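Asks: Input upload.csv, format and content: CSV, C-alpha atoms.
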```csv
chain,number,residue,atom,x,y,z
A,254,MET,CA,98.2,106.0,110.9
A,255,PRO,CA,101.7,107.5,111.8
A,256,LEU,CA,105.0,105.7,111.4
A,257,VAL,CA,107.0,105.8,114.6
A,258,GLN,CA,110.5,104.8,115.8
A,259,TYR,CA,111.0,102.5,118.7
A,260,ALA,CA,112.1,104.3,121.8
A,261,GLU,CA,114.7,101.8,122.9
A,262,LYS,CA,118.0,101.9,120.9
A,263,THR,CA,119.4,98.4,121.1
A,264,ARG,CA,121.2,97.0,118.1
A,265,THR,CA,118.1,95.4,116.6
A,266,ARG,CA,115.8,98.3,117.4
A,267,ARG,CA,118.1,101.1,116.4
A,268,PHE,CA,116.6,101.6,113.0
A,269,ALA,CA,113.4,99.7,113.4
A,270,SER,CA,110.0,101.4,113.1
A,271,LYS,CA,106.3,100.4,113.4
A,272,MET,CA,102.9,101.5,112.3
A,273,VAL,CA,100.5,102.8,114.9
A,274,ARG,CA,97.4,101.0,113.7
A,275,ALA,CA,93.9,100.5,115.0
A,276,GLY,CA,93.1,98.3,118.0
A,277,ARG,CA,92.0,94.7,117.9
A,278,GLY,CA,88.4,95.4,118.9
A,279,GLY,CA,85.9,92.9,120.4
A,280,MET,CA,82.5,93.9,119.0
A,281,ALA,CA,82.6,91.7,115.9
A,282,PRO,CA,80.5,88.5,116.0
A,283,LYS,CA,82.4,85.2,116.0
A,284,ARG,CA,81.2,84.3,112.5
A,285,LEU,CA,83.4,87.1,111.1
A,286,LYS,CA,86.6,85.5,112.4
A,287,GLY,CA,88.2,82.1,112.2
A,288,ILE,CA,91.6,80.5,112.7
A,289,LEU,CA,93.7,80.8,109.5
A,290,LYS,CA,95.3,77.4,108.7
A,291,LYS,CA,99.0,77.5,108.0
A,292,HIS,CA,100.2,75.9,104.8
A,293,ALA,CA,103.7,77.3,104.9
A,294,GLY,CA,103.9,77.9,101.1
A,295,ARG,CA,103.3,74.2,100.5
A,296,SER,CA,100.8,72.2,98.5
A,297,GLY,CA,100.7,68.4,99.1
A,298,GLY,CA,103.9,68.7,101.1
A,299,ARG,CA,105.8,70.3,98.2
A,300,ILE,CA,107.0,73.9,98.3
A,301,THR,CA,105.0,75.9,95.8
A,302,VAL,CA,105.8,79.4,97.2
A,303,ARG,CA,109.3,79.8,98.6
A,304,HIS,CA,110.3,81.9,101.6
A,305,GLN,CA,107.1,81.3,103.5
A,306,GLY,CA,106.5,79.5,106.8
A,307,GLY,CA,106.6,79.5,110.6
A,308,ARG,CA,104.5,82.6,111.2
A,309,HIS,CA,102.5,83.4,114.4
A,310,ARG,CA,99.0,82.0,114.6
A,311,ARG,CA,96.4,84.4,113.1
A,312,GLN,CA,92.7,84.8,112.8
A,313,TYR,CA,91.2,85.5,109.4
A,314,ARG,CA,88.6,88.3,109.1
A,315,VAL,CA,85.8,87.8,106.6
A,316,VAL,CA,85.9,91.0,104.6
A,317,ASP,CA,82.9,92.3,102.5
A,318,PHE,CA,84.5,92.9,99.1
A,319,LEU,CA,81.1,92.6,97.4
A,320,ARG,CA,79.3,95.5,99.1
A,321,GLU,CA,75.9,94.2,97.8
A,322,LYS,CA,73.7,95.6,100.7
A,323,PHE,CA,72.2,98.3,98.4
A,324,GLY,CA,70.3,101.2,99.9
A,325,ILE,CA,71.0,100.2,103.5
A,326,GLU,CA,73.0,102.7,105.5
A,327,GLY,CA,75.6,101.3,107.9
A,328,VAL,CA,77.4,102.9,110.8
A,329,VAL,CA,81.2,102.5,111.5
A,330,VAL,CA,81.3,101.1,115.1
A,331,ALA,CA,85.1,100.3,115.2
A,332,LEU,CA,88.3,100.4,113.3
A,333,GLU,CA,90.3,97.2,113.8
A,334,TYR,CA,93.8,95.9,112.9
A,335,ASP,CA,94.0,92.9,110.5
A,336,PRO,CA,97.1,90.7,110.7
A,337,ASN,CA,96.5,89.4,107.2
A,338,ARG,CA,96.8,92.6,105.3
A,339,ASN,CA,98.5,96.0,105.5
A,340,VAL,CA,95.2,97.9,105.7
A,341,ASP,CA,93.0,98.4,108.7
A,342,LEU,CA,89.3,97.2,108.7
A,343,ALA,CA,86.2,99.1,109.5
A,344,LEU,CA,83.5,97.2,111.3
A,345,ILE,CA,80.1,98.2,110.0
A,346,LYS,CA,76.7,97.7,111.8
A,347,TYR,CA,73.6,97.7,109.7
A,348,PRO,CA,70.0,98.5,110.9
A,349,ASP,CA,69.1,94.8,110.7
A,350,GLY,CA,71.7,94.0,113.3
A,351,GLU,CA,74.2,92.5,110.8
A,352,TYR,CA,77.9,93.3,111.2
A,353,ARG,CA,80.4,93.3,108.3
A,354,TYR,CA,84.0,94.2,107.8
A,355,ILE,CA,85.2,96.5,104.9
A,356,LEU,CA,88.6,97.9,104.0
A,357,ALA,CA,89.1,101.2,105.9
A,358,PRO,CA,89.8,104.2,103.6
A,359,LYS,CA,91.7,107.2,104.7
A,360,GLY,CA,89.5,109.6,106.6
A,361,LEU,CA,86.8,107.2,107.7
A,362,LYS,CA,86.1,107.5,111.4
A,363,VAL,CA,84.0,105.8,114.0
A,364,LYS,CA,80.3,106.9,113.9
A,365,ASP,CA,80.5,107.8,110.2
A,366,THR,CA,77.9,106.3,107.9
A,367,ILE,CA,78.4,104.5,104.6
A,368,ILE,CA,76.1,103.1,102.0
A,369,SER,CA,76.1,101.2,98.7
A,370,GLY,CA,73.8,101.9,95.9
A,371,GLU,CA,73.2,102.8,92.2
A,372,ARG,CA,73.4,106.5,92.9
A,373,VAL,CA,74.7,107.6,96.3
A,374,GLU,CA,76.6,110.5,97.6
A,375,ILE,CA,80.3,110.6,96.5
A,376,LYS,CA,81.7,110.2,100.0
A,377,VAL,CA,84.6,108.2,101.5
A,378,GLY,CA,83.4,104.7,102.1
A,379,ASN,CA,80.4,104.7,99.8
A,380,ALA,CA,80.2,102.1,97.0
A,381,MET,CA,78.6,102.7,93.7
A,382,LYS,CA,78.8,101.7,90.0
A,383,LEU,CA,81.6,103.2,87.8
A,384,LYS,CA,79.0,104.6,85.4
A,385,ASN,CA,77.8,107.0,88.1
A,386,LEU,CA,81.2,108.2,89.3
A,387,PRO,CA,82.6,111.5,87.8
A,388,ILE,CA,85.9,111.5,86.0
A,389,GLY,CA,88.8,112.2,88.3
A,390,THR,CA,87.4,110.3,91.3
A,391,LEU,CA,89.8,108.3,93.4
A,392,ILE,CA,88.5,104.8,94.2
A,393,HIS,CA,89.5,101.4,95.6
A,394,ASN,CA,88.2,97.8,95.9
A,395,VAL,CA,87.2,97.8,92.2
A,396,GLU,CA,85.5,94.8,90.5
A,397,LEU,CA,86.9,93.4,87.3
A,398,MET,CA,83.5,92.0,86.3
A,399,PRO,CA,80.1,92.9,87.7
A,400,GLY,CA,79.2,90.8,90.8
A,401,ARG,CA,82.6,89.3,91.2
A,402,ALA,CA,83.6,91.4,94.2
A,403,GLY,CA,86.4,93.9,94.5
A,404,GLN,CA,89.7,92.6,93.1
A,405,MET,CA,91.8,95.7,92.3
A,406,GLY,CA,93.0,98.5,94.7
A,407,ARG,CA,93.1,96.7,98.0
A,408,ALA,CA,96.6,97.5,99.4
A,409,ALA,CA,97.7,100.2,101.9
A,410,GLY,CA,97.8,103.7,100.4
A,411,THR,CA,96.3,102.4,97.1
A,412,SER,CA,93.9,104.4,94.9
A,413,ILE,CA,92.7,104.1,91.3
A,414,MET,CA,91.6,107.0,89.2
A,415,VAL,CA,88.6,107.2,86.8
A,416,VAL,CA,90.2,108.9,83.8
A,417,ALA,CA,87.5,108.4,81.1
A,418,LYS,CA,84.2,106.7,80.3
A,419,GLN,CA,83.3,105.2,77.0
A,420,GLU,CA,80.5,102.8,76.7
A,421,PRO,CA,80.5,100.0,77.8
A,422,TYR,CA,83.8,100.6,79.7
A,423,ALA,CA,85.4,103.0,82.1
A,424,HIS,CA,89.1,103.7,81.8
A,425,LEU,CA,90.9,103.4,85.1
A,426,ARG,CA,94.5,104.4,85.9
A,427,LEU,CA,96.0,101.8,88.2
A,428,PRO,CA,98.8,102.6,90.8
A,429,SER,CA,101.3,101.1,88.4
A,430,GLY,CA,100.4,103.6,85.7
A,431,GLU,CA,98.6,101.1,83.6
A,432,VAL,CA,95.3,102.3,82.1
A,433,ARG,CA,92.7,99.5,81.9
A,434,MET,CA,89.2,99.2,80.7
A,435,VAL,CA,86.6,97.9,83.2
A,436,PRO,CA,82.8,97.5,82.6
A,437,LEU,CA,80.8,100.5,83.7
A,438,ASP,CA,78.5,98.2,85.8
A,439,CYS,CA,81.3,97.2,88.1
A,440,LEU,CA,81.2,98.5,91.7
A,441,ALA,CA,83.9,100.6,93.3
A,442,THR,CA,84.4,102.2,96.7
A,443,VAL,CA,85.2,105.9,97.0
A,444,GLY,CA,88.4,107.0,98.7
A,445,VAL,CA,92.1,106.2,99.2
A,446,LEU,CA,93.0,103.3,101.4
A,447,GLY,CA,94.9,104.3,104.6
A,448,ASN,CA,98.2,103.2,106.1
A,449,GLU,CA,100.1,104.7,103.2
A,450,GLU,CA,103.3,104.9,105.2
A,451,TRP,CA,103.3,101.1,105.6
A,452,LYS,CA,105.9,100.7,102.8
A,453,ASN,CA,108.4,102.8,104.8
A,454,MET,CA,108.3,100.5,107.9
A,455,VAL,CA,111.7,98.9,108.8
A,456,LEU,CA,111.4,95.5,110.5
A,457,GLY,CA,114.8,95.9,112.2
A,458,LYS,CA,115.6,92.3,113.0
A,459,ALA,CA,115.2,88.9,111.4
A,460,GLY,CA,113.0,87.5,114.2
A,461,ARG,CA,110.3,90.0,113.4
A,462,ALA,CA,110.2,88.8,109.8
A,463,ARG,CA,109.9,85.2,111.0
A,464,HIS,CA,106.9,86.1,113.2
A,465,MET,CA,105.3,87.4,110.0
A,466,GLY,CA,105.9,84.1,108.2
A,467,ILE,CA,108.8,85.4,106.0
A,468,ARG,CA,111.6,82.9,105.8
A,469,PRO,CA,115.2,83.7,104.7
A,470,THR,CA,116.0,84.4,101.0
A,471,VAL,CA,119.2,83.0,99.6
A,472,ARG,CA,120.6,84.3,96.3
A,473,GLY,CA,120.6,81.9,93.4
A,474,VAL,CA,124.3,82.5,92.6
A,475,ALA,CA,125.2,81.4,96.1
A,476,GLN,CA,123.5,78.0,95.7
A,477,ASP,CA,124.6,74.8,94.0
A,478,PRO,CA,123.6,74.1,90.4
A,479,ASP,CA,121.1,71.4,91.5
A,480,SER,CA,119.1,73.9,93.6
A,481,HIS,CA,119.2,76.9,91.2
A,482,PRO,CA,120.1,77.6,87.5
A,483,HIS,CA,122.4,80.4,88.7
A,484,GLY,CA,124.3,78.2,91.0
A,485,GLY,CA,127.7,76.5,90.7
A,486,GLY,CA,131.0,77.7,89.4
A,487,GLU,CA,134.2,78.5,91.1
A,488,ALA,CA,134.2,81.5,93.4
A,489,ARG,CA,131.9,84.4,92.4
A,490,SER,CA,131.0,83.3,89.0
A,491,GLY,CA,127.8,85.3,88.6
A,492,VAL,CA,124.6,84.1,86.8
A,493,GLY,CA,126.4,82.3,84.0
A,494,ARG,CA,123.3,82.0,81.8
A,495,LYS,CA,122.1,84.0,78.8
A,496,LYS,CA,119.5,85.7,81.0
A,497,PRO,CA,118.5,85.5,84.7
A,498,MET,CA,116.1,82.7,85.5
A,499,THR,CA,113.9,81.6,88.3
A,500,ARG,CA,114.6,78.5,90.3
A,501,TYR,CA,112.4,76.6,87.8
A,502,GLY,CA,114.3,77.8,84.7
A,503,ARG,CA,111.8,80.4,83.5
A,504,PRO,CA,112.8,83.9,82.5
A,505,ALA,CA,113.1,86.2,85.5
A,506,VAL,CA,113.5,89.7,84.0
A,507,GLY,CA,112.1,91.6,81.1
A,508,ASN,CA,108.6,91.2,79.7
A,509,THR,CA,107.4,87.9,81.3
A,510,ARG,CA,103.7,88.5,80.6
A,511,LYS,CA,102.0,85.9,78.4
A,512,LYS,CA,101.9,87.4,74.8
A,513,LYS,CA,98.4,85.8,74.2
A,514,ASN,CA,96.8,86.8,77.4
A,515,ASN,CA,93.0,87.2,77.2
A,516,SER,CA,93.1,90.4,79.2
A,517,ASN,CA,95.4,92.2,76.8
A,518,LYS,CA,92.4,93.6,75.0
A,519,PHE,CA,91.4,95.5,78.1
A,520,ILE,CA,94.7,97.3,78.5
A,521,VAL,CA,94.7,100.8,77.0
A,522,LYS,CA,98.2,101.8,78.2
A,523,ARG,CA,100.9,99.6,79.6
A,524,ARG,CA,102.4,100.3,83.0
A,525,LYS,CA,105.5,102.5,83.4
A,526,SER,CA,108.8,100.8,82.7
```
Please express the file's structure as structure tokens.

Replies:
Amino acid sequence: MPLVQYAEKTRTRRFASKMVRAGRGGMAPKRLKGILKKHAGRSGGRITVRHQGGRHRRQYRVVDFLREKFGIEGVVVALEYDPNRNVDLALIKYPDGEYRYILAPKGLKVKDTIISGERVEIKVGNAMKLKNLPIGTLIHNVELMPGRAGQMGRAAGTSIMVVAKQEPYAHLRLPSGEVRMVPLDCLATVGVLGNEEWKNMVLGKAGRARHMGIRPTVRGVAQDPDSHPHGGGEARSGVGRKKPMTRYGRPAVGNTRKKKNNSNKFIVKRRKS
């Protein structure tokens, strides 16, 4: 979908832009949608995720990340906007009358057909196991463990490349540059996700961010020392600690990954620095 500038040139809209995304649609059954409760970044009344709260009311769409309807061909009946993610959704209708949402890859159109299976055609929107995909294929919505549903490659413009296969794992290059081993029996969907220009969108004004549930962010050095480790001092004193820290006193820069992480053994090559 293209990125367009606003026609009006007021102070707030002068540099703002928006994505021309799919329509809202009305063909999906009610069971695929439900009101998404607002928690405003809080758990038990305490803030656990800062800078969240006050967004517009949304409906959550139930997305089929599992793609377990093997051997049944579905037809794309609509492309719909999803307020909860930066990728559009494709509404699929199956011969048994069931409707399901999937993430819409780039190039998928209404009336196209998709299918999941052990060995299916390598076509945009089709889902199959990694062991049956040729090296060099671009994929998305990849499982980390068989049957756990897609967990990697779900953001706008994202794709993962199959770079090697060595029993019992496939080597996948992630968007970060990291090469990771994933079991060959895991499912993946062929294609690159759409809306790749989403990252270039400029909100243009603070109110638009508030509608999205994004609250203001204040620098740690501008706060008092009770609120942030970087705070306090006379005038512009800077961080004042040996290394930058989070609000909770943990390291904020450098290698913050756990050194004894169980998933370390699956990483072939670290991401680019």

Asks: Which of these residues is nearest to Met454 in chain A, using all atoms listed in the file: A:Arg277, A:Thr509, A:Asn339, A:Arg489?

Replies: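 So, comparing all the options, the nearest one is A:Asn339.
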
Asks: Would you kindly return, as a PyMOL selection string, each protein, DNA or RNA residue with an atom no farther than 8 Å from any atom of Gly278 in chain A, considering all atoms listed in the file and excluding same-chain residues fewer than 6 positions away?

Replies: chain A and resi 331-333

Asks: Gly327 in chain A: which residues within 7 Å, counting only C-alpha atoms, same-chain residues fewer than 6 positions away excluded, as a short mmCIF file (atom, residue, chain, number, x, y, z; two decimals) with C-alpha atoms, keeping the file's coordinate frame?

Replies:
```cif
data_model
loop_
_atom_site.label_atom_id
_atom_site.label_comp_id
_atom_site.auth_asym_id
_atom_site.auth_seq_id
_atom_site.Cartn_x
_atom_site.Cartn_y
_atom_site.Cartn_z
CA ILE A 345 80.10 98.20 110.00
CA LYS A 346 76.70 97.70 111.80
CA TYR A 347 73.60 97.70 109.70
CA PRO A 348 70.00 98.50 110.90
CA THR A 366 77.90 106.30 107.90
CA ILE A 367 78.40 104.50 104.60
CA ILE A 368 76.10 103.10 102.00
#
```

Asks: One decimal, Å: what's the distance from CA of Lys382 in chain A over to CA of Leu285 in chain A, could you say?

Replies: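 Here the two named atoms are 26.1 Å from each other.
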
Asks: What is the distance between CA of Val443 in chain A and CA of Arg407 in chain A, in Å to one decimal?

Replies: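 Interatomic distance, CA of Val443 in chain A to CA of Arg407 in chain A: 12.2 Å.
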
Asks: So what do you get for CA of Glu431 in chain A versus CA of Lys522 in chain A, distance-wise?

Replies: 5.5 Å

Asks: Measuring atom to atom with all atoms listed in the file, identify which of A:Gly507, A:Pro482, A:Pro255, A:Gly403 is nearest to Met272 in chain A.

Replies: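 The shortest atom-to-atom distance to Met272 in chain A comes from A:Pro255.
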
Asks: Would you please work out which residue, of A:Gly378, A:Gly502, A:Gly457, A:Gly294, is nearest to Tyr259 in chain A when using only C-alpha atoms?

Replies: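 Among A:Gly378, A:Gly502, A:Gly457, A:Gly294, it is A:Gly457 that comes nearest to Tyr259 in chain A.
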
Asks: Determine the nearest neighbour of Leu425 in chain A from the options A:His483, A:Val521, A:Asn394, A:Gly410, counting all atoms listed in the file.

Replies: A:Val521

Asks: Pick out the residues sitting within 9 Å of Lys291 in chain A, and hand them over as number ranges by chain; count all atoms listed in the file, and ignore anything fewer than 6 positions along from it in its own chain.

Replies: A: 306-308, 310-311

Asks: What lies within 12 Å of Met434 in chain A using only C-alpha atoms, ignoring chain neighbours under 2 positions off, as a compact mmCIF listing (two decimals) with C-alpha atoms, keeping the file's coordinate frame?

Replies:
```txt
# COMPACT_ATOMS: atom_id res chain seq x y z
CA LEU A 383 81.60 103.20 87.80
CA VAL A 395 87.20 97.80 92.20
CA GLU A 396 85.50 94.80 90.50
CA LEU A 397 86.90 93.40 87.30
CA MET A 398 83.50 92.00 86.30
CA MET A 414 91.60 107.00 89.20
CA VAL A 415 88.60 107.20 86.80
CA VAL A 416 90.20 108.90 83.80
CA ALA A 417 87.50 108.40 81.10
CA LYS A 418 84.20 106.70 80.30
CA GLN A 419 83.30 105.20 77.00
CA GLU A 420 80.50 102.80 76.70
CA PRO A 421 80.50 100.00 77.80
CA TYR A 422 83.80 100.60 79.70
CA ALA A 423 85.40 103.00 82.10
CA HIS A 424 89.10 103.70 81.80
CA LEU A 425 90.90 103.40 85.10
CA ARG A 426 94.50 104.40 85.90
CA LEU A 427 96.00 101.80 88.20
CA GLU A 431 98.60 101.10 83.60
CA VAL A 432 95.30 102.30 82.10
CA PRO A 436 82.80 97.50 82.60
CA LEU A 437 80.80 100.50 83.70
CA ASP A 438 78.50 98.20 85.80
CA CYS A 439 81.30 97.20 88.10
CA SER A 516 93.10 90.40 79.20
CA ASN A 517 95.40 92.20 76.80
CA LYS A 518 92.40 93.60 75.00
CA PHE A 519 91.40 95.50 78.10
CA ILE A 520 94.70 97.30 78.50
CA VAL A 521 94.70 100.80 77.00
CA LYS A 522 98.20 101.80 78.20
CA ARG A 523 100.90 99.60 79.60
```

Asks: Which of these, A:Met405, A:Val363, A:Val340, A:Ala459, has the shortest distance to Arg433 in chain A once you count all atoms listed in the file?

Replies: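 The answer is A:Met405, which sits nearest to Arg433 in chain A.
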
Asks: Which residue gives the smallest distance to His481 in chain A among A:Ile467, A:Ala505, A:Met498, A:Leu386, with all atoms listed in the file counted?

Replies: A:Met498

Asks: Please complete range 389-417 of chain A with N, CA and C atoms and give it back as a CSV table (one decimal), in the coordinates of the input.

Replies:
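Written out: selection26.csv:
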```csv
chain,number,residue,atom,x,y,z
A,389,GLY,N,87.9,111.6,87.4
A,389,GLY,CA,88.8,112.2,88.3
A,389,GLY,C,88.6,111.6,89.8
A,390,THR,N,87.6,110.8,90.0
A,390,THR,CA,87.4,110.3,91.3
A,390,THR,C,88.4,109.3,91.7
A,391,LEU,N,88.9,109.3,92.9
A,391,LEU,CA,89.8,108.3,93.4
A,391,LEU,C,89.0,107.2,94.1
A,392,ILE,N,89.3,105.9,93.7
A,392,ILE,CA,88.5,104.8,94.2
A,392,ILE,C,89.4,103.7,94.6
A,393,HIS,N,88.8,102.7,95.3
A,393,HIS,CA,89.5,101.4,95.6
A,393,HIS,C,88.5,100.3,95.6
A,394,ASN,N,89.0,99.0,95.8
A,394,ASN,CA,88.2,97.8,95.9
A,394,ASN,C,87.3,97.8,94.6
A,395,VAL,N,87.9,97.7,93.5
A,395,VAL,CA,87.2,97.8,92.2
A,395,VAL,C,87.0,96.4,91.6
A,396,GLU,N,85.8,96.1,91.1
A,396,GLU,CA,85.5,94.8,90.5
A,396,GLU,C,86.1,94.8,89.1
A,397,LEU,N,86.5,93.6,88.7
A,397,LEU,CA,86.9,93.4,87.3
A,397,LEU,C,85.7,93.1,86.4
A,398,MET,N,84.8,92.3,87.0
A,398,MET,CA,83.5,92.0,86.3
A,398,MET,C,82.4,92.2,87.3
A,399,PRO,N,81.2,92.6,86.8
A,399,PRO,CA,80.1,92.9,87.7
A,399,PRO,C,79.7,91.7,88.5
A,400,GLY,N,79.6,91.9,89.9
A,400,GLY,CA,79.2,90.8,90.8
A,400,GLY,C,80.3,89.9,91.2
A,401,ARG,N,81.5,90.1,90.8
A,401,ARG,CA,82.6,89.3,91.2
A,401,ARG,C,83.3,89.7,92.4
A,402,ALA,N,83.0,90.8,93.0
A,402,ALA,CA,83.6,91.4,94.2
A,402,ALA,C,84.9,92.1,93.9
A,403,GLY,N,85.3,93.1,94.7
A,403,GLY,CA,86.4,93.9,94.5
A,403,GLY,C,87.7,93.1,94.4
A,404,GLN,N,88.5,93.3,93.3
A,404,GLN,CA,89.7,92.6,93.1
A,404,GLN,C,90.9,93.6,92.9
A,405,MET,N,90.7,94.8,92.6
A,405,MET,CA,91.8,95.7,92.3
A,405,MET,C,91.8,96.8,93.4
A,406,GLY,N,92.9,97.4,93.7
A,406,GLY,CA,93.0,98.5,94.7
A,406,GLY,C,92.7,98.1,96.1
A,407,ARG,N,93.4,97.1,96.7
A,407,ARG,CA,93.1,96.7,98.0
A,407,ARG,C,94.3,96.8,99.0
A,408,ALA,N,95.4,97.4,98.6
A,408,ALA,CA,96.6,97.5,99.4
A,408,ALA,C,96.7,98.8,100.1
A,409,ALA,N,97.6,98.9,101.1
A,409,ALA,CA,97.7,100.2,101.9
A,409,ALA,C,98.1,101.3,101.0
A,410,GLY,N,97.4,102.5,101.1
A,410,GLY,CA,97.8,103.7,100.4
A,410,GLY,C,97.4,103.7,98.9
A,411,THR,N,96.6,102.6,98.5
A,411,THR,CA,96.3,102.4,97.1
A,411,THR,C,95.1,103.3,96.7
A,412,SER,N,95.1,103.8,95.5
A,412,SER,CA,93.9,104.4,94.9
A,412,SER,C,94.0,104.2,93.4
A,413,ILE,N,92.8,104.2,92.8
A,413,ILE,CA,92.7,104.1,91.3
A,413,ILE,C,91.8,105.3,90.8
A,414,MET,N,92.3,105.9,89.7
A,414,MET,CA,91.6,107.0,89.2
A,414,MET,C,90.7,106.7,88.0
A,415,VAL,N,89.5,107.3,88.0
A,415,VAL,CA,88.6,107.2,86.8
A,415,VAL,C,89.1,108.3,85.8
A,416,VAL,N,89.7,107.9,84.7
A,416,VAL,CA,90.2,108.9,83.8
A,416,VAL,C,89.3,109.1,82.6
A,417,ALA,N,88.4,108.2,82.2
A,417,ALA,CA,87.5,108.4,81.1
A,417,ALA,C,86.4,107.3,81.2
```
